[in-house]
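Here is entry_2.cif, consisting of mmCIF, C-alpha atoms:
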```cif
data_work
loop_
_atom_site.label_atom_id
_atom_site.label_comp_id
_atom_site.auth_asym_id
_atom_site.auth_seq_id
_atom_site.Cartn_x
_atom_site.Cartn_y
_atom_site.Cartn_z
CA MET A 1 8.65 43.34 -0.80
CA LEU A 2 10.52 41.27 1.79
CA LYS A 3 7.22 40.34 3.46
CA VAL A 4 5.85 39.15 0.12
CA VAL A 5 8.92 36.98 -0.53
CA LEU A 6 8.76 35.49 2.98
CA SER A 7 5.05 34.76 2.54
CA LEU A 8 5.70 32.94 -0.72
CA ILE A 9 8.46 30.88 0.91
CA LEU A 10 6.15 29.92 3.78
CA VAL A 11 3.32 28.98 1.42
CA SER A 12 5.69 26.87 -0.68
CA ALA A 13 7.13 25.17 2.41
CA SER A 14 3.63 24.42 3.68
CA PHE A 15 2.62 22.90 0.35
CA LEU A 16 5.71 20.70 0.21
CA ALA A 17 5.20 19.54 3.77
CA LYS A 18 1.63 18.46 3.02
CA ALA A 19 2.42 16.91 -0.35
CA GLN A 20 4.88 14.34 1.03
CA HIS A 21 5.95 13.50 -2.49
CA PRO A 22 8.97 11.21 -2.73
CA PRO A 23 12.38 12.56 -3.72
CA VAL A 24 12.83 12.02 -7.44
CA PHE A 25 16.40 11.20 -8.45
CA ALA A 26 18.28 11.49 -11.72
CA ALA A 27 17.19 9.22 -14.61
CA MET A 28 13.83 8.46 -12.96
CA THR A 29 10.80 8.88 -15.22
CA THR A 30 7.17 9.54 -14.26
CA ASP A 31 3.76 8.77 -15.68
CA SER A 32 0.44 9.92 -14.20
CA SER A 33 -3.22 9.01 -14.10
CA PHE A 34 -5.75 11.54 -12.82
CA ILE A 35 -8.87 10.57 -10.82
CA LYS A 36 -11.70 12.89 -9.85
CA ILE A 37 -14.31 11.95 -7.23
CA SER A 38 -16.68 14.93 -7.20
CA ASP A 39 -14.53 17.75 -5.74
CA LEU A 40 -11.62 15.47 -4.74
CA ASN A 41 -8.63 15.32 -7.09
CA ILE A 42 -6.35 12.27 -6.90
CA ASN A 43 -3.12 12.00 -8.84
CA LEU A 44 -1.57 8.56 -9.33
CA VAL A 45 2.10 9.03 -10.16
CA LYS A 46 4.16 6.09 -11.39
CA TYR A 47 7.87 6.58 -10.72
CA SER A 48 10.11 4.32 -12.82
CA TYR A 49 13.82 3.58 -12.81
CA LYS A 50 15.21 0.58 -14.69
CA PRO A 51 11.90 -1.35 -14.68
CA ASN A 52 12.55 -4.98 -13.84
CA GLY A 53 9.19 -6.54 -13.02
CA VAL A 54 8.99 -5.05 -9.50
CA ARG A 55 6.11 -2.62 -8.98
CA PHE A 56 4.90 -1.15 -5.68
CA LEU A 57 1.51 0.41 -4.97
CA VAL A 58 0.82 3.00 -2.25
CA VAL A 59 -2.87 3.86 -1.81
CA HIS A 60 -2.67 6.20 1.22
CA ASP A 61 -1.11 9.65 0.92
CA ASN A 62 0.09 9.84 4.54
CA GLU A 63 2.28 6.71 4.64
CA ASP A 64 5.52 8.14 3.35
CA THR A 65 7.91 5.80 5.21
CA GLY A 66 6.82 3.05 2.82
CA VAL A 67 7.26 5.37 -0.16
CA LYS A 68 10.78 6.33 0.95
CA ALA A 69 11.72 2.67 1.52
CA GLY A 70 10.32 1.78 -1.90
CA PHE A 71 12.45 4.50 -3.43
CA ASP A 72 15.49 3.19 -1.57
CA TYR A 73 14.91 -0.19 -3.19
CA ILE A 74 14.35 1.27 -6.66
CA ARG A 75 17.43 3.49 -6.44
CA TRP A 76 19.72 0.45 -6.07
CA SER A 77 17.76 -2.34 -7.73
CA GLY A 78 15.35 -0.71 -10.17
CA GLY A 79 11.58 -0.94 -10.36
CA GLU A 80 8.41 1.13 -10.29
CA LEU A 81 6.28 2.73 -7.59
CA ILE A 82 2.76 4.12 -7.96
CA ASP A 83 2.11 6.83 -5.38
CA SER A 84 -1.38 8.14 -4.59
CA GLN A 85 -1.31 11.91 -4.06
CA TYR A 86 -4.35 13.78 -2.76
CA GLY A 87 -3.22 16.09 0.04
CA GLY A 88 -1.10 14.14 2.52
CA VAL A 89 -4.03 12.58 4.44
CA ARG A 90 -5.27 9.01 4.90
CA ASP A 91 -8.92 9.04 3.80
CA TYR A 92 -10.69 10.38 0.76
CA VAL A 93 -12.82 13.30 2.00
CA PHE A 94 -15.12 15.09 -0.44
CA SER A 95 -18.48 16.74 -1.00
CA HIS A 96 -21.17 15.84 -3.52
CA MET A 97 -24.43 17.76 -3.90
CA ASP A 98 -23.76 19.48 -0.55
CA ASP A 99 -23.38 16.12 1.25
CA GLN A 100 -20.12 15.15 2.96
CA TYR A 101 -18.41 11.81 2.32
CA ARG A 102 -15.40 9.99 3.69
CA ILE A 103 -13.85 6.62 2.85
CA ASP A 104 -10.57 4.77 3.27
CA PRO A 105 -8.93 4.34 -0.17
CA ASN A 106 -8.22 0.74 0.83
CA ALA A 107 -11.98 0.05 0.96
CA ILE A 108 -12.97 0.90 -2.60
CA TYR A 109 -12.31 -2.26 -4.60
CA THR A 110 -15.62 -4.13 -4.13
CA GLN A 111 -19.24 -3.02 -4.18
CA ARG A 112 -19.90 -4.44 -0.71
CA GLY A 113 -16.86 -2.69 0.70
CA VAL A 114 -17.92 0.70 -0.64
CA SER A 115 -21.51 0.26 0.55
CA SER A 116 -20.50 -0.79 4.08
CA ARG A 117 -17.53 1.50 4.70
CA LEU A 118 -18.56 4.76 3.05
CA LYS A 119 -19.16 7.37 5.74
CA LYS A 120 -21.94 9.61 4.52
CA ASP A 121 -24.90 11.79 5.42
CA TYR A 122 -28.29 10.12 5.74
CA PHE A 123 -29.42 11.27 2.32
CA SER A 124 -26.69 10.13 -0.04
CA SER A 125 -26.43 9.35 -3.71
CA ASN A 126 -25.81 5.99 -5.39
CA GLU A 127 -23.91 8.03 -7.94
CA VAL A 128 -21.21 8.59 -5.31
CA GLU A 129 -20.71 4.87 -4.80
CA LYS A 130 -20.24 4.47 -8.54
CA LEU A 131 -17.67 7.28 -8.60
CA ILE A 132 -15.72 5.56 -5.82
CA LEU A 133 -15.88 2.13 -7.46
CA ASP A 134 -14.70 3.68 -10.72
CA ALA A 135 -11.76 5.23 -8.85
CA GLY A 136 -10.83 1.84 -7.42
CA LYS A 137 -10.97 0.29 -10.88
CA GLN A 138 -8.77 3.05 -12.28
CA ILE A 139 -6.17 2.45 -9.57
CA VAL A 140 -6.15 -1.29 -10.27
CA ASP A 141 -5.96 -0.74 -14.03
CA PHE A 142 -3.06 1.69 -13.66
CA TYR A 143 -1.18 -0.78 -11.44
CA ASP A 144 -2.12 -3.61 -13.87
CA PRO A 145 -1.72 -6.66 -11.57
CA LYS A 146 -2.90 -9.16 -14.15
CA SER A 147 0.06 -8.41 -16.40
CA LEU A 148 2.41 -8.45 -13.41
CA GLY A 149 1.05 -11.59 -11.76
CA TYR A 150 0.90 -10.13 -8.23
CA ILE A 151 0.04 -7.10 -6.10
CA LEU A 152 2.73 -5.62 -3.83
CA THR A 153 1.56 -2.81 -1.54
CA LEU A 154 3.30 -0.59 1.02
CA HIS A 155 1.51 0.54 4.20
CA ASN A 156 2.54 2.19 7.47
CA ASN A 157 0.96 2.19 10.91
CA ALA A 158 1.29 4.01 14.23
CA ASP A 159 3.23 2.72 17.22
CA GLY A 160 1.17 0.24 19.23
CA GLY A 161 -2.16 0.91 17.56
CA PHE A 162 -2.21 -1.90 15.01
CA GLY A 163 0.15 -4.81 14.56
CA ILE A 164 0.65 -8.56 14.45
CA SER A 165 -1.16 -9.08 17.77
CA SER A 166 -4.34 -7.59 16.27
CA TYR A 167 -4.81 -10.87 14.38
CA LEU A 168 -4.47 -13.24 17.34
CA PRO A 169 -7.51 -15.09 18.75
CA GLY A 170 -9.68 -12.79 20.83
CA TYR A 171 -8.49 -9.59 19.12
CA ASP A 172 -10.27 -7.34 16.62
CA LEU A 173 -8.92 -8.83 13.38
CA SER A 174 -8.70 -12.50 14.38
CA SER A 175 -11.43 -13.54 11.91
CA THR A 176 -9.40 -12.00 9.08
CA ALA A 177 -6.41 -14.30 9.61
CA ASP A 178 -6.09 -17.97 8.70
CA SER A 179 -2.58 -18.28 10.20
CA VAL A 180 -0.23 -15.99 12.12
CA PHE A 181 3.51 -16.39 12.66
CA ILE A 182 5.31 -14.13 15.13
CA ASN A 183 9.01 -13.50 15.56
CA PHE A 184 9.09 -12.08 19.09
CA GLY A 185 12.43 -10.44 18.33
CA MET A 186 10.72 -8.07 15.87
CA ASP A 187 8.61 -5.02 16.57
CA GLY A 188 4.98 -6.17 16.47
CA ASP A 189 4.05 -3.25 14.21
CA ASP A 190 6.34 -4.52 11.43
CA LEU A 191 4.89 -7.40 9.39
CA LEU A 192 3.94 -8.87 6.05
CA TYR A 193 0.37 -9.74 5.09
CA VAL A 194 -0.27 -12.28 2.33
CA THR A 195 -3.17 -14.08 0.66
CA GLU A 196 -1.55 -17.35 -0.40
CA PRO A 197 -0.26 -20.26 1.77
CA ARG A 198 2.90 -20.68 -0.34
CA LEU A 199 3.89 -17.07 0.32
CA PHE A 200 3.12 -17.47 4.03
CA THR A 201 5.25 -20.63 4.25
CA SER A 202 8.26 -18.98 2.59
CA LEU A 203 8.08 -15.90 4.80
CA LYS A 204 7.59 -18.01 7.92
CA LYS A 205 10.82 -19.84 7.05
CA ALA A 206 12.49 -16.42 6.88
CA ASN A 207 11.41 -15.94 10.52
CA ILE A 208 9.49 -12.69 10.17
CA ASN A 209 6.09 -11.53 11.35
CA VAL A 210 3.60 -12.72 8.72
CA ILE A 211 -0.17 -13.14 8.43
CA LEU A 212 -2.10 -15.32 6.00
CA GLN A 213 -5.49 -13.87 5.14
CA SER A 214 -8.46 -16.18 5.69
CA LYS A 215 -10.53 -17.29 2.71
CA PHE A 216 -13.51 -16.27 4.84
CA ALA A 217 -12.27 -12.77 5.59
CA GLU A 218 -15.01 -10.15 5.56
CA ASN A 219 -15.53 -8.43 2.22
CA ASP A 220 -14.43 -4.99 3.40
CA GLY A 221 -13.49 -3.64 -0.02
CA SER A 222 -9.76 -3.88 0.67
CA LEU A 223 -7.24 -4.61 -2.04
CA SER A 224 -6.28 -7.88 -0.33
CA VAL A 225 -9.90 -9.11 -0.52
CA TYR A 226 -10.11 -8.00 -4.15
CA ALA A 227 -6.85 -9.83 -4.90
CA MET A 228 -8.14 -13.04 -3.31
CA GLN A 229 -11.40 -12.81 -5.27
CA GLN A 230 -9.43 -12.36 -8.50
CA ASN A 231 -6.86 -15.09 -7.64
CA ILE A 232 -4.00 -12.59 -7.73
CA PRO A 233 -1.15 -13.25 -5.23
CA TYR A 234 -0.92 -10.34 -2.79
CA ILE A 235 1.75 -9.13 -0.37
CA ASN A 236 1.47 -6.07 1.85
CA VAL A 237 4.58 -4.73 3.59
CA GLU A 238 3.18 -3.13 6.78
CA VAL A 239 5.69 -1.20 8.92
CA GLN A 240 5.53 1.40 11.68
CA HIS A 241 6.02 5.01 10.60
CA GLY A 242 9.71 5.89 10.77
CA HIS A 243 11.04 2.30 10.52
CA GLN A 244 12.50 2.97 7.09
CA GLU A 245 15.44 0.54 7.32
CA GLU A 246 13.16 -2.30 8.49
CA ASN A 247 10.70 -1.33 5.79
CA LEU A 248 13.39 -1.81 3.16
CA ARG A 249 14.44 -5.15 4.67
CA LEU A 250 10.88 -6.47 4.54
CA ILE A 251 10.48 -5.16 0.99
CA GLU A 252 13.53 -7.17 -0.04
CA LEU A 253 12.13 -10.28 1.63
CA ALA A 254 8.76 -9.81 -0.04
CA ILE A 255 10.40 -9.48 -3.46
CA ALA A 256 12.64 -12.49 -2.82
CA THR A 257 9.51 -14.52 -2.00
CA LEU A 258 7.71 -13.38 -5.15
CA LYS A 259 10.77 -14.38 -7.18
CA GLU A 260 11.03 -17.71 -5.40
CA HIS A 261 7.57 -18.60 -6.69
CA GLY A 262 8.15 -17.25 -10.18
CA LEU A 263 5.79 -14.31 -9.77
CA ILE A 264 8.31 -11.66 -10.85
CA LYS A 265 9.11 -12.62 -14.41
CA LYS A 266 12.11 -10.45 -15.20
CA ASP A 267 15.43 -11.15 -13.54
CA ASN A 268 16.88 -8.22 -11.60
CA PRO A 269 20.37 -7.51 -13.01
CA VAL A 270 21.42 -5.78 -9.80
CA ILE A 271 22.90 -8.01 -7.10
CA GLN A 272 20.91 -7.55 -3.92
CA LYS A 273 22.08 -8.17 -0.39
CA ASP A 274 20.84 -11.38 1.23
CA SER A 275 18.14 -10.21 3.61
CA LEU A 276 17.28 -13.72 4.73
CA THR A 277 20.48 -13.95 6.77
CA LYS A 278 19.77 -10.78 8.72
CA ASN A 279 17.27 -12.39 11.03
CA PRO A 280 18.05 -16.13 11.37
CA PRO A 281 15.38 -18.38 12.92
CA THR A 282 15.38 -18.63 16.68
CA GLN A 283 15.79 -21.97 18.37
#
```

Give the structure from this file in C-alpha cells form.
Amino acid sequence: MLKVVLSLILVSASFLAKAQHPPVFAAMTTDSSFIKISDLNINLVKYSYKPNGVRFLVVHDNEDTGVKAGFDYIRWSGGELIDSQYGGVRDYVFSHMDDQYRIDPNAIYTQRGVSSRLKKDYFSSNEVEKLILDAGKQIVDFYDPKSLGYILTLHNNADGGFGISSYLPGYDLSSTADSVFINFGMDGDDLLYVTEPRLFTSLKKANINVILQSKFAENDGSLSVYAMQQNIPYINVEVQHGHQEENLRLIELAIATLKEHGLIKKDNPVIQKDSLTKNPPTQ
C-alpha cells in the first residue's frame, strides 16, 4: 500500500514539474480554449484578475519565467495572461497519418511561415499545414488584439545563446532589425522587441535594450510579422530564463510605453512604481 501511495506521489510530482502552470491566487478567474492539431492537445488558459486593458500572451510552454513575471504584475496591478499549455516543451511535436511533424508555435501565423518552417517527413499532407494555420488563428482570436489595440508577448531565452547582439550588423538576425539600441549596463539577453518606431523611440529614451523590427523582415510566420502585416502595434518582452525581477521591470516599461501612446484604453487604478527611474540614461 505504501509503495502505491509513493508511486502516486511521484507521478503527480512529475506531472506538475512538466506542466509548469503558473500559481493561481485567490480571486483569479480562468477561461480556456482548446486546440487540437492531430494528436497534439493544446490548452490556452486565460488567467484574469481585475482586468484593466493589459493582456499578455505566452505561446511557448517552456518559458515560465515570463509567465511568473506576468503573474507578479497581475497580482499587484491587475490584468490578464493567456498561457499556452501543451506539455512543458518549446515546439509543437505531433504525428499525422504516421508522419512526424515539428514546428515552433511562434511560426504559425502566416502561410509562408508554416510552409517554410514546418519540419516534416518527405511525404507530408497539406491538411497538416491547414491544421497549424487554424491553430494560429485560434490563438490570435482568443487573444483578440484588434479589440485591445496591441499585442504584448512574453518570451524567455537561454544565457548567451540569443540576445541583443544577434541583431547587430554581421550577425544572424541583422536583416530582421531596422534599428537597435543597447544599454551596455544591461544583460544582453534581456530586451524588448517592437514593430513601431514610436514604441522604439520611447523605450530608447528609457535607456533599455530595444530592437525595432524591419519592414523588410523575412516572413517567418512569427507573431511580430503577423502584427506588422495587420498594422497592430507589437511588443515582446524577451528575458533570460531566471531573470524574473528584470522581466517584471521590462513588463512595466512595456506597459508604460503602450499607455503613453494611448494603446491601453483603460486606466489602471493601481499605482505602479516608476520603473523609468530605475535605470537612468548613461552619459

What's around A:Ile151 at 10 Å? Count all atoms listed in the file, leave out sequence neighbours fewer than 3 positions away in its own chain, and write the answer as a ChimeraX atom specification. /A:54-57,140,143-146,148,194,223-224,227,232-236,258,263

File of the preceding selection, C-alpha atoms, as a PDB file, keeping the file's coordinate frame:
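Generated output (again.pdb):
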```
ATOM      1  CA  VAL A  54       8.990  -5.050  -9.500  1.00  0.00           C
ATOM      2  CA  ARG A  55       6.110  -2.620  -8.980  1.00  0.00           C
ATOM      3  CA  PHE A  56       4.900  -1.150  -5.680  1.00  0.00           C
ATOM      4  CA  LEU A  57       1.510   0.410  -4.970  1.00  0.00           C
ATOM      5  CA  VAL A 140      -6.150  -1.290 -10.270  1.00  0.00           C
ATOM      6  CA  TYR A 143      -1.180  -0.780 -11.440  1.00  0.00           C
ATOM      7  CA  ASP A 144      -2.120  -3.610 -13.870  1.00  0.00           C
ATOM      8  CA  PRO A 145      -1.720  -6.660 -11.570  1.00  0.00           C
ATOM      9  CA  LYS A 146      -2.900  -9.160 -14.150  1.00  0.00           C
ATOM     10  CA  LEU A 148       2.410  -8.450 -13.410  1.00  0.00           C
ATOM     11  CA  VAL A 194      -0.270 -12.280   2.330  1.00  0.00           C
ATOM     12  CA  LEU A 223      -7.240  -4.610  -2.040  1.00  0.00           C
ATOM     13  CA  SER A 224      -6.280  -7.880  -0.330  1.00  0.00           C
ATOM     14  CA  ALA A 227      -6.850  -9.830  -4.900  1.00  0.00           C
ATOM     15  CA  ILE A 232      -4.000 -12.590  -7.730  1.00  0.00           C
ATOM     16  CA  PRO A 233      -1.150 -13.250  -5.230  1.00  0.00           C
ATOM     17  CA  TYR A 234      -0.920 -10.340  -2.790  1.00  0.00           C
ATOM     18  CA  ILE A 235       1.750  -9.130  -0.370  1.00  0.00           C
ATOM     19  CA  ASN A 236       1.470  -6.070   1.850  1.00  0.00           C
ATOM     20  CA  LEU A 258       7.710 -13.380  -5.150  1.00  0.00           C
ATOM     21  CA  LEU A 263       5.790 -14.310  -9.770  1.00  0.00           C
TER      22      LEU A 263
END
```

All residues 12 Å or closer to A:Tyr167, only C-alpha atoms, same chain fewer than 2 positions away omitted, as a CSV table (one decimal) with C-alpha atoms, keeping the file's coordinate frame:
```csv
chain,number,residue,atom,x,y,z
A,162,PHE,CA,-2.2,-1.9,15.0
A,163,GLY,CA,0.2,-4.8,14.6
A,164,ILE,CA,0.6,-8.6,14.4
A,165,SER,CA,-1.2,-9.1,17.8
A,169,PRO,CA,-7.5,-15.1,18.8
A,170,GLY,CA,-9.7,-12.8,20.8
A,171,TYR,CA,-8.5,-9.6,19.1
A,172,ASP,CA,-10.3,-7.3,16.6
A,173,LEU,CA,-8.9,-8.8,13.4
A,174,SER,CA,-8.7,-12.5,14.4
A,175,SER,CA,-11.4,-13.5,11.9
A,176,THR,CA,-9.4,-12.0,9.1
A,177,ALA,CA,-6.4,-14.3,9.6
A,178,ASP,CA,-6.1,-18.0,8.7
A,179,SER,CA,-2.6,-18.3,10.2
A,180,VAL,CA,-0.2,-16.0,12.1
A,181,PHE,CA,3.5,-16.4,12.7
A,182,ILE,CA,5.3,-14.1,15.1
A,188,GLY,CA,5.0,-6.2,16.5
A,189,ASP,CA,4.0,-3.2,14.2
A,191,LEU,CA,4.9,-7.4,9.4
A,193,TYR,CA,0.4,-9.7,5.1
A,209,ASN,CA,6.1,-11.5,11.4
A,210,VAL,CA,3.6,-12.7,8.7
A,211,ILE,CA,-0.2,-13.1,8.4
A,212,LEU,CA,-2.1,-15.3,6.0
A,213,GLN,CA,-5.5,-13.9,5.1
A,214,SER,CA,-8.5,-16.2,5.7
A,217,ALA,CA,-12.3,-12.8,5.6
```

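Of the residues listed (A:Val128, A:Met28, A:Asn41, A:Lys36), A:Met28 shows the shortest atom-to-atom separation from A:Gly78; distances use all atoms listed in the file.
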
Residue by residue, what does the PyMOL selection byres ((chain A and resi 62) around 8) grab here? Present the result as an mmCIF file with C-alpha atoms, in the frame of the given file.
```
data_model
loop_
_atom_site.group_PDB
_atom_site.id
_atom_site.type_symbol
_atom_site.label_atom_id
_atom_site.label_comp_id
_atom_site.auth_asym_id
_atom_site.auth_seq_id
_atom_site.Cartn_x
_atom_site.Cartn_y
_atom_site.Cartn_z
ATOM 1 C CA GLN A 20 4.880 14.340 1.030
ATOM 2 C CA HIS A 60 -2.670 6.200 1.220
ATOM 3 C CA ASP A 61 -1.110 9.650 0.920
ATOM 4 C CA GLU A 63 2.280 6.710 4.640
ATOM 5 C CA ASP A 64 5.520 8.140 3.350
ATOM 6 C CA GLY A 88 -1.100 14.140 2.520
ATOM 7 C CA VAL A 89 -4.030 12.580 4.440
ATOM 8 C CA ARG A 90 -5.270 9.010 4.900
#
```

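Taking only C-alpha atoms into account, A:Met228 lies nearest to A:Thr110 out of the set A:Gln138, A:Leu168, A:Thr110, A:Ile264.
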
Can you tell me which residues surround A:Ile139 at a distance of at most 9 Å, considering all atoms listed in the file, apart from same-chain residues fewer than 3 positions away, and format the answer as an mmCIF file with C-alpha atoms, in the coordinates of the input?
```cif
data_model
loop_
_atom_site.group_PDB
_atom_site.id
_atom_site.type_symbol
_atom_site.label_atom_id
_atom_site.label_comp_id
_atom_site.auth_asym_id
_atom_site.auth_seq_id
_atom_site.Cartn_x
_atom_site.Cartn_y
_atom_site.Cartn_z
ATOM 1 C CA SER A 33 -3.220 9.010 -14.100
ATOM 2 C CA ILE A 35 -8.870 10.570 -10.820
ATOM 3 C CA LEU A 44 -1.570 8.560 -9.330
ATOM 4 C CA VAL A 59 -2.870 3.860 -1.810
ATOM 5 C CA SER A 84 -1.380 8.140 -4.590
ATOM 6 C CA ASP A 134 -14.700 3.680 -10.720
ATOM 7 C CA ALA A 135 -11.760 5.230 -8.850
ATOM 8 C CA GLY A 136 -10.830 1.840 -7.420
ATOM 9 C CA PHE A 142 -3.060 1.690 -13.660
ATOM 10 C CA TYR A 143 -1.180 -0.780 -11.440
ATOM 11 C CA ASP A 144 -2.120 -3.610 -13.870
#
```

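Shortest atom-to-atom contact with A:Ile251 among A:Ser166, A:Thr153, A:Ser95, A:Gln111: A:Thr153, counting all atoms listed in the file.
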
Please provide as an NGL selection string all residues within 12 Å of A:Tyr101, with the sequence filter that same-chain residues fewer than 5 positions apart are discarded (counting all atoms listed in the file). :A and (37-40 or 91-96 or 114 or 117-125 or 128-129 or 131-132)

Hey, can you check how far atom CA of A:Arg249 sits from atom CA of A:Asn43? 28.0 Å

From the list A:Ile255, A:Ala158, A:Leu203, A:Ile208, which residue is nearest A:Asn52 when using all atoms listed in the file? A:Ile255

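Nearest residue to A:Tyr150, choosing from A:Leu199, A:Ala27, A:Val239, A:Ile42 and counting only C-alpha atoms: A:Leu199.
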
Between A:Thr257, A:Asn219, A:Asn156, A:Asn247, smallest distance to A:Ser115 by all atoms listed in the file belongs to A:Asn219

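Atom CA of A:Lys215 lies 27.4 Å from atom CA of A:Ile82.
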
Tell me, as an MDAnalysis selection string, which residues lie within 7 Å of A:Thr29, counting all atoms listed in the file; anything in the same chain fewer than 6 positions away does not count. chainID A and resid 47:49
